[in-house]
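Heads up, the thing below is written out as structure tokens.
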Amino acid sequence: MKKISNEFIRWFNYIIMLFPGGVGIFLRRFIYKLILSKVGKNLIINNHVEMTGLKNINLGNNNQISSYCTFNAHDGGSIIFGNNIGINRNTHIGAANGGKIKVGNNVMIAQNVVIRASEHRFKSIELTMDSQDYEKGSITIGDDCWIGANSVILKNVKIGNKSIVGAGSVVTKDIPDFSIYGGVPATLIKMRK
């Protein structure tokens, strides 16, 4: 029965993600308040946004999610967003398979960003990588941060308050408060204060 219920939710989710314009935004706001863990006021979800693990997703007030974004929190994952968050097109927020992602308040996430809190294990060369399960982790993004376009944020990273991640960066280590990081892997460019 649970499998049928999950399948129905996936079909329903697919149908409501297709509606364009203001009617679609209204419908998604209404429906997601019923099926997500928590939804704050003034949620705007544009069309073609895909979500899995709906009961593990918590969105605060004044969140705006652009088209073609994906949120994955199935299989024990967790996504928690604060207030006043803007996410641009084609961004992937992946906390599936036990990963945890927490984003503070007043955060800007540009287009084509990947935030992934779990990854495939690959220690054994005797087994294929896709058969080795996942290694879960966590990602925390502090308040008043800006994540530049085409950036990748990997598991077990904390981005400090009021920090900037430059476009095209790959973040593999913690970023302190008030800093600007960029590059592959991301390194300190300068402090903001």
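Chain lettering (A, B, ...) mirrors the order of the structure tokens, residue numbering begins at 1 for each chain separately, and ligand numbering begins at 1 in order of display.
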Review point. Skipping near chain neighbours, those fewer than 3 positions away, what residues fall within 6 Å of range 16-24 of chain A using only C-alpha atoms, listed as a list of chain:residue names?
Key: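 My reading of the contact set: A:Asn13, A:Leu27, A:Asn47, A:His48, A:Val49.
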Exercise for review: List the neighbours of Glu119 in chain A out to 8 Å using only C-alpha atoms; skip same-chain residues closer than 5 positions along the sequence, and give me the result as a PyMOL selection string.
Suggested key: chain A and resi 134-136+155
**Study point:** Pick from A:Leu154, A:Ile85, A:Ile57, A:Ile125 nearest to Val39 in chain A, counting only C-alpha atoms
**Key:**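 So, comparing all the options, the nearest one is A:Ile57.
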Review point. In range 2-184 of chain A, what's helix (DSSP H, G or I) per DSSP? Answer as a PyMOL selection string?
Key: chain A and resi 2-18+21-35+54-56+129-131
Quick one: residues within 10 Å of Ala73 in chain A, only C-alpha atoms counted, chain neighbours fewer than 3 positions away excluded, as a PDB file with all heavy atoms, in the first residue's frame?
```pdb
ATOM      1  N   MET A  51      10.795  17.297  -6.673  1.00  0.00           N
ATOM      2  CA  MET A  51      11.158  17.018  -5.289  1.00  0.00           C
ATOM      3  C   MET A  51      10.889  15.558  -4.950  1.00  0.00           C
ATOM      4  O   MET A  51       9.863  15.015  -5.341  1.00  0.00           O
ATOM      5  CB  MET A  51      10.360  17.899  -4.330  1.00  0.00           C
ATOM      6  CG  MET A  51      10.626  19.367  -4.446  1.00  0.00           C
ATOM      7  SD  MET A  51       9.787  20.282  -3.137  1.00  0.00           S
ATOM      8  CE  MET A  51      10.151  21.951  -3.599  1.00  0.00           C
ATOM      9  N   THR A  52      11.818  14.939  -4.207  1.00  0.00           N
ATOM     10  CA  THR A  52      11.598  13.607  -3.655  1.00  0.00           C
ATOM     11  C   THR A  52      11.845  13.669  -2.155  1.00  0.00           C
ATOM     12  O   THR A  52      12.564  14.539  -1.673  1.00  0.00           O
ATOM     13  CB  THR A  52      12.545  12.565  -4.284  1.00  0.00           C
ATOM     14  OG1 THR A  52      13.893  12.898  -3.953  1.00  0.00           O
ATOM     15  CG2 THR A  52      12.371  12.497  -5.792  1.00  0.00           C
ATOM     16  N   GLY A  53      11.263  12.735  -1.414  1.00  0.00           N
ATOM     17  CA  GLY A  53      11.386  12.766   0.047  1.00  0.00           C
ATOM     18  C   GLY A  53      10.663  13.960   0.632  1.00  0.00           C
ATOM     19  O   GLY A  53      11.178  14.665   1.496  1.00  0.00           O
ATOM     20  N   LEU A  54       9.452  14.194   0.163  1.00  0.00           N
ATOM     21  CA  LEU A  54       8.714  15.417   0.477  1.00  0.00           C
ATOM     22  C   LEU A  54       8.562  15.672   1.977  1.00  0.00           C
ATOM     23  O   LEU A  54       8.628  16.821   2.417  1.00  0.00           O
ATOM     24  CB  LEU A  54       7.340  15.371  -0.202  1.00  0.00           C
ATOM     25  CG  LEU A  54       7.392  15.274  -1.724  1.00  0.00           C
ATOM     26  CD1 LEU A  54       6.022  14.942  -2.286  1.00  0.00           C
ATOM     27  CD2 LEU A  54       7.938  16.543  -2.328  1.00  0.00           C
ATOM     28  N   LYS A  55       8.365  14.634   2.758  1.00  0.00           N
ATOM     29  CA  LYS A  55       8.192  14.818   4.210  1.00  0.00           C
ATOM     30  C   LYS A  55       9.499  15.167   4.921  1.00  0.00           C
ATOM     31  O   LYS A  55       9.510  15.447   6.110  1.00  0.00           O
ATOM     32  CB  LYS A  55       7.577  13.562   4.844  1.00  0.00           C
ATOM     33  CG  LYS A  55       6.120  13.362   4.490  1.00  0.00           C
ATOM     34  CD  LYS A  55       5.272  14.460   5.060  1.00  0.00           C
ATOM     35  CE  LYS A  55       3.798  14.253   4.775  1.00  0.00           C
ATOM     36  NZ  LYS A  55       3.000  15.393   5.144  1.00  0.00           N
ATOM     37  N   ASN A  56      10.603  15.161   4.189  1.00  0.00           N
ATOM     38  CA  ASN A  56      11.910  15.493   4.764  1.00  0.00           C
ATOM     39  C   ASN A  56      12.398  16.868   4.317  1.00  0.00           C
ATOM     40  O   ASN A  56      13.562  17.196   4.482  1.00  0.00           O
ATOM     41  CB  ASN A  56      12.940  14.433   4.363  1.00  0.00           C
ATOM     42  CG  ASN A  56      12.533  13.046   4.797  1.00  0.00           C
ATOM     43  OD1 ASN A  56      11.927  12.876   5.843  1.00  0.00           O
ATOM     44  ND2 ASN A  56      12.854  12.061   3.998  1.00  0.00           N
ATOM     45  N   ILE A  57      11.497  17.650   3.712  1.00  0.00           N
ATOM     46  CA  ILE A  57      11.855  18.984   3.209  1.00  0.00           C
ATOM     47  C   ILE A  57      11.088  20.040   3.990  1.00  0.00           C
ATOM     48  O   ILE A  57       9.881  19.972   4.125  1.00  0.00           O
ATOM     49  CB  ILE A  57      11.556  19.091   1.697  1.00  0.00           C
ATOM     50  CG1 ILE A  57      12.385  18.067   0.915  1.00  0.00           C
ATOM     51  CG2 ILE A  57      11.825  20.507   1.197  1.00  0.00           C
ATOM     52  CD1 ILE A  57      12.049  17.979  -0.551  1.00  0.00           C
ATOM     53  N   THR A  70      15.983  20.707  -8.625  1.00  0.00           N
ATOM     54  CA  THR A  70      15.621  19.433  -8.008  1.00  0.00           C
ATOM     55  C   THR A  70      16.027  19.437  -6.545  1.00  0.00           C
ATOM     56  O   THR A  70      17.074  19.974  -6.175  1.00  0.00           O
ATOM     57  CB  THR A  70      16.294  18.227  -8.708  1.00  0.00           C
ATOM     58  OG1 THR A  70      17.709  18.396  -8.672  1.00  0.00           O
ATOM     59  CG2 THR A  70      15.835  18.083 -10.136  1.00  0.00           C
ATOM     60  N   GLY A  76      15.953   8.876   3.983  1.00  0.00           N
ATOM     61  CA  GLY A  76      16.518   9.400   5.229  1.00  0.00           C
ATOM     62  C   GLY A  76      17.232  10.724   5.119  1.00  0.00           C
ATOM     63  O   GLY A  76      17.897  11.147   6.061  1.00  0.00           O
ATOM     64  N   GLY A  77      17.103  11.399   3.998  1.00  0.00           N
ATOM     65  CA  GLY A  77      17.732  12.704   3.847  1.00  0.00           C
ATOM     66  C   GLY A  77      16.941  13.803   4.533  1.00  0.00           C
ATOM     67  O   GLY A  77      15.821  13.590   4.993  1.00  0.00           O
ATOM     68  N   SER A  78      17.530  14.998   4.605  1.00  0.00           N
ATOM     69  CA  SER A  78      16.874  16.125   5.261  1.00  0.00           C
ATOM     70  C   SER A  78      17.338  17.431   4.621  1.00  0.00           C
ATOM     71  O   SER A  78      18.536  17.665   4.486  1.00  0.00           O
ATOM     72  CB  SER A  78      17.236  16.120   6.751  1.00  0.00           C
ATOM     73  OG  SER A  78      16.824  17.308   7.371  1.00  0.00           O
ATOM     74  N   ILE A  79      16.364  18.264   4.207  1.00  0.00           N
ATOM     75  CA  ILE A  79      16.649  19.593   3.678  1.00  0.00           C
ATOM     76  C   ILE A  79      15.856  20.595   4.505  1.00  0.00           C
ATOM     77  O   ILE A  79      14.629  20.511   4.582  1.00  0.00           O
ATOM     78  CB  ILE A  79      16.262  19.702   2.188  1.00  0.00           C
ATOM     79  CG1 ILE A  79      17.087  18.737   1.341  1.00  0.00           C
ATOM     80  CG2 ILE A  79      16.429  21.139   1.692  1.00  0.00           C
ATOM     81  CD1 ILE A  79      16.664  18.647  -0.115  1.00  0.00           C
ATOM     82  N   ILE A  93      19.745  20.314  -5.189  1.00  0.00           N
ATOM     83  CA  ILE A  93      19.970  20.222  -3.748  1.00  0.00           C
ATOM     84  C   ILE A  93      19.778  18.758  -3.386  1.00  0.00           C
ATOM     85  O   ILE A  93      18.654  18.261  -3.375  1.00  0.00           O
ATOM     86  CB  ILE A  93      18.965  21.098  -2.952  1.00  0.00           C
ATOM     87  CG1 ILE A  93      18.871  22.519  -3.522  1.00  0.00           C
ATOM     88  CG2 ILE A  93      19.292  21.094  -1.473  1.00  0.00           C
ATOM     89  CD1 ILE A  93      20.039  23.397  -3.286  1.00  0.00           C
ATOM     90  N   GLY A  94      20.863  18.032  -3.123  1.00  0.00           N
ATOM     91  CA  GLY A  94      20.789  16.587  -2.920  1.00  0.00           C
ATOM     92  C   GLY A  94      21.175  16.168  -1.517  1.00  0.00           C
ATOM     93  O   GLY A  94      22.346  16.226  -1.143  1.00  0.00           O
ATOM     94  N   ALA A  95      20.181  15.728  -0.750  1.00  0.00           N
ATOM     95  CA  ALA A  95      20.422  15.223   0.602  1.00  0.00           C
ATOM     96  C   ALA A  95      19.912  13.796   0.742  1.00  0.00           C
ATOM     97  O   ALA A  95      19.683  13.317   1.841  1.00  0.00           O
ATOM     98  CB  ALA A  95      19.749  16.132   1.630  1.00  0.00           C
ATOM     99  N   ALA A  96      19.723  13.109  -0.371  1.00  0.00           N
ATOM    100  CA  ALA A  96      19.202  11.744  -0.323  1.00  0.00           C
ATOM    101  C   ALA A  96      20.189  10.818   0.375  1.00  0.00           C
ATOM    102  O   ALA A  96      21.345  11.178   0.596  1.00  0.00           O
ATOM    103  CB  ALA A  96      18.940  11.251  -1.737  1.00  0.00           C
ATOM    104  N   ASN A  97      19.714   9.634   0.725  1.00  0.00           N
ATOM    105  CA  ASN A  97      20.557   8.596   1.300  1.00  0.00           C
ATOM    106  C   ASN A  97      21.230   9.029   2.602  1.00  0.00           C
ATOM    107  O   ASN A  97      22.410   8.780   2.815  1.00  0.00           O
ATOM    108  CB  ASN A  97      21.599   8.130   0.282  1.00  0.00           C
ATOM    109  CG  ASN A  97      20.955   7.737  -1.029  1.00  0.00           C
ATOM    110  OD1 ASN A  97      21.060   8.478  -1.994  1.00  0.00           O
ATOM    111  ND2 ASN A  97      20.237   6.632  -1.059  1.00  0.00           N
ATOM    112  N   GLY A  98      20.461   9.695   3.461  1.00  0.00           N
ATOM    113  CA  GLY A  98      20.937  10.060   4.796  1.00  0.00           C
ATOM    114  C   GLY A  98      21.677  11.374   4.893  1.00  0.00           C
ATOM    115  O   GLY A  98      22.119  11.752   5.972  1.00  0.00           O
ATOM    116  N   GLY A  99      21.821  12.109   3.804  1.00  0.00           N
ATOM    117  CA  GLY A  99      22.492  13.400   3.859  1.00  0.00           C
ATOM    118  C   GLY A  99      21.628  14.456   4.528  1.00  0.00           C
ATOM    119  O   GLY A  99      20.403  14.323   4.608  1.00  0.00           O
ATOM    120  N   LYS A 100      22.270  15.501   5.027  1.00  0.00           N
ATOM    121  CA  LYS A 100      21.547  16.580   5.686  1.00  0.00           C
ATOM    122  C   LYS A 100      22.065  17.919   5.154  1.00  0.00           C
ATOM    123  O   LYS A 100      23.262  18.168   5.137  1.00  0.00           O
ATOM    124  CB  LYS A 100      21.739  16.512   7.190  1.00  0.00           C
ATOM    125  CG  LYS A 100      21.245  15.201   7.769  1.00  0.00           C
ATOM    126  CD  LYS A 100      21.067  15.252   9.253  1.00  0.00           C
ATOM    127  CE  LYS A 100      20.539  13.961   9.828  1.00  0.00           C
ATOM    128  NZ  LYS A 100      19.529  13.281   9.104  1.00  0.00           N
ATOM    129  N   ILE A 101      21.115  18.777   4.734  1.00  0.00           N
ATOM    130  CA  ILE A 101      21.465  20.101   4.242  1.00  0.00           C
ATOM    131  C   ILE A 101      20.640  21.124   5.011  1.00  0.00           C
ATOM    132  O   ILE A 101      19.420  21.011   5.097  1.00  0.00           O
ATOM    133  CB  ILE A 101      21.201  20.229   2.729  1.00  0.00           C
ATOM    134  CG1 ILE A 101      22.119  19.282   1.957  1.00  0.00           C
ATOM    135  CG2 ILE A 101      21.388  21.674   2.266  1.00  0.00           C
ATOM    136  CD1 ILE A 101      21.847  19.221   0.479  1.00  0.00           C
ATOM    137  N   ALA A 117      25.025  16.314  -0.292  1.00  0.00           N
ATOM    138  CA  ALA A 117      25.443  15.912   1.053  1.00  0.00           C
ATOM    139  C   ALA A 117      25.727  14.422   1.202  1.00  0.00           C
ATOM    140  O   ALA A 117      25.978  13.962   2.300  1.00  0.00           O
ATOM    141  CB  ALA A 117      24.391  16.344   2.074  1.00  0.00           C
TER     142      ALA A 117
END
```
Exercise for review: Write out as a ChimeraX atom specification each polymer residue whose atoms come within 7 Å of Asn83 in chain A, counting only C-alpha atoms; drop sequence neighbours fewer than 5 positions from it.
Suggested key: /A:60-63,105-106
Practice item. Measure the distance from CA of Leu59 in chain A to CA of Ala149 in chain A in Å and round it to one decimal. Key: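 CA of Ala149 in chain A lies 21.7 Å from CA of Leu59 in chain A.
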**Study point:** Test item: residues at most 7 Å from Val171 in chain A, only C-alpha atoms, excluding those fewer than 3 positions along its chain, as a list of chain:residue names
**Key:**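 Here the answer would be A:Val152, A:Ile153, A:Leu154, A:Pro185, A:Ala186.
Taking CA of Ser67 in chain A and CA of Gln111 in chain A as the two end points, the separation is 10.0 Å.
Take CA of Gly40 in chain A and CA of Gly166 in chain A: the distance between them is 29.0 Å.
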Practice item. If you run DSSP over the backbone, which residues in range 18-126 of chain A end up strand (DSSP E)? Put them as a PyMOL selection string. Key: chain A and resi 38-39+44-45+50-52+57-59+64-65+70-72+78-81+86-87+92-94+100-103+108-109+114-116+118-120
Those selected residues, please, written with C-alpha atoms and delivered as a short mmCIF file (atom, residue, chain, number, x, y, z; two decimals), in the first residue's frame.
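Result file follows (out-v5.cif):
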```cif
data_model
loop_
_atom_site.label_atom_id
_atom_site.label_comp_id
_atom_site.auth_asym_id
_atom_site.auth_seq_id
_atom_site.Cartn_x
_atom_site.Cartn_y
_atom_site.Cartn_z
CA LYS A 38 6.92 22.53 6.70
CA VAL A 39 6.23 25.46 4.38
CA ILE A 44 7.09 30.67 -4.82
CA ILE A 45 7.92 27.46 -6.68
CA GLU A 50 11.11 18.17 -8.92
CA MET A 51 11.16 17.02 -5.29
CA THR A 52 11.60 13.61 -3.65
CA ILE A 57 11.85 18.98 3.21
CA ASN A 58 11.28 22.08 5.34
CA LEU A 59 10.99 25.51 3.64
CA GLN A 64 11.62 31.44 -4.18
CA ILE A 65 12.64 28.42 -6.27
CA THR A 70 15.62 19.43 -8.01
CA PHE A 71 15.39 18.68 -4.30
CA ASN A 72 16.18 15.10 -3.21
CA SER A 78 16.87 16.13 5.26
CA ILE A 79 16.65 19.59 3.68
CA ILE A 80 15.92 22.57 5.96
CA PHE A 81 15.74 26.10 4.56
CA GLY A 86 16.32 32.61 -3.64
CA ILE A 87 17.36 29.65 -5.78
CA HIS A 92 20.33 20.55 -7.54
CA ILE A 93 19.97 20.22 -3.75
CA GLY A 94 20.79 16.59 -2.92
CA LYS A 100 21.55 16.58 5.69
CA ILE A 101 21.47 20.10 4.24
CA LYS A 102 20.66 23.19 6.29
CA VAL A 103 20.53 26.67 4.75
CA MET A 108 21.16 33.62 -2.71
CA ILE A 109 21.93 30.52 -4.76
CA VAL A 114 25.04 21.50 -7.07
CA ILE A 115 24.82 21.02 -3.29
CA ARG A 116 25.29 17.31 -2.51
CA SER A 118 26.09 12.26 0.19
CA GLU A 119 28.16 10.43 -2.38
CA HIS A 120 28.81 6.94 -3.70
#
```
Exercise for review: Return the single residue from A:Cys69, A:Cys145, A:Ile189, A:Val157 that is closest to Asp177 in chain A, with distances computed using only C-alpha atoms.
Suggested key: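 Result for the nearest residue to Asp177 in chain A: A:Cys145.
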If we count only C-alpha atoms and set the cut-off at 8 Å, which residues sit around Gly168 in chain A, ignoring sequence neighbours fewer than 5 positions away in its own chain? Please answer as an mmCIF file with N, CA and C atoms, in the first residue's frame.
```
data_model
loop_
_atom_site.group_PDB
_atom_site.id
_atom_site.type_symbol
_atom_site.label_atom_id
_atom_site.label_comp_id
_atom_site.auth_asym_id
_atom_site.auth_seq_id
_atom_site.Cartn_x
_atom_site.Cartn_y
_atom_site.Cartn_z
ATOM 1 N N GLY A 148 27.726 31.421 -5.957
ATOM 2 C CA GLY A 148 27.804 31.815 -7.359
ATOM 3 C C GLY A 148 27.444 30.700 -8.322
ATOM 4 N N ALA A 149 27.136 31.085 -9.551
ATOM 5 C CA ALA A 149 26.688 30.165 -10.601
ATOM 6 C C ALA A 149 27.699 29.045 -10.841
ATOM 7 N N ASN A 150 27.171 27.864 -11.135
ATOM 8 C CA ASN A 150 27.969 26.693 -11.512
ATOM 9 C C ASN A 150 28.892 26.194 -10.400
ATOM 10 N N SER A 151 28.623 26.555 -9.161
ATOM 11 C CA SER A 151 29.428 26.067 -8.040
ATOM 12 C C SER A 151 28.959 24.688 -7.609
ATOM 13 N N VAL A 152 29.876 23.958 -6.981
ATOM 14 C CA VAL A 152 29.582 22.647 -6.422
ATOM 15 C C VAL A 152 30.007 22.668 -4.962
ATOM 16 N N GLY A 182 36.927 31.099 -3.922
ATOM 17 C CA GLY A 182 36.705 30.757 -5.313
ATOM 18 C C GLY A 182 37.755 29.790 -5.803
ATOM 19 N N GLY A 183 37.471 29.137 -6.932
ATOM 20 C CA GLY A 183 38.425 28.240 -7.562
ATOM 21 C C GLY A 183 38.094 26.777 -7.366
ATOM 22 N N VAL A 184 38.990 25.927 -7.911
ATOM 23 C CA VAL A 184 38.827 24.475 -7.841
ATOM 24 C C VAL A 184 40.131 23.880 -7.326
#
```
Exercise for review: Rank nothing, just name the residue among A:Ile15, A:Gly142, A:Ser131, A:Thr172 nearest to Ile159 in chain A, using only C-alpha atoms.
Suggested key: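 So, comparing all the options, the nearest one is A:Gly142.
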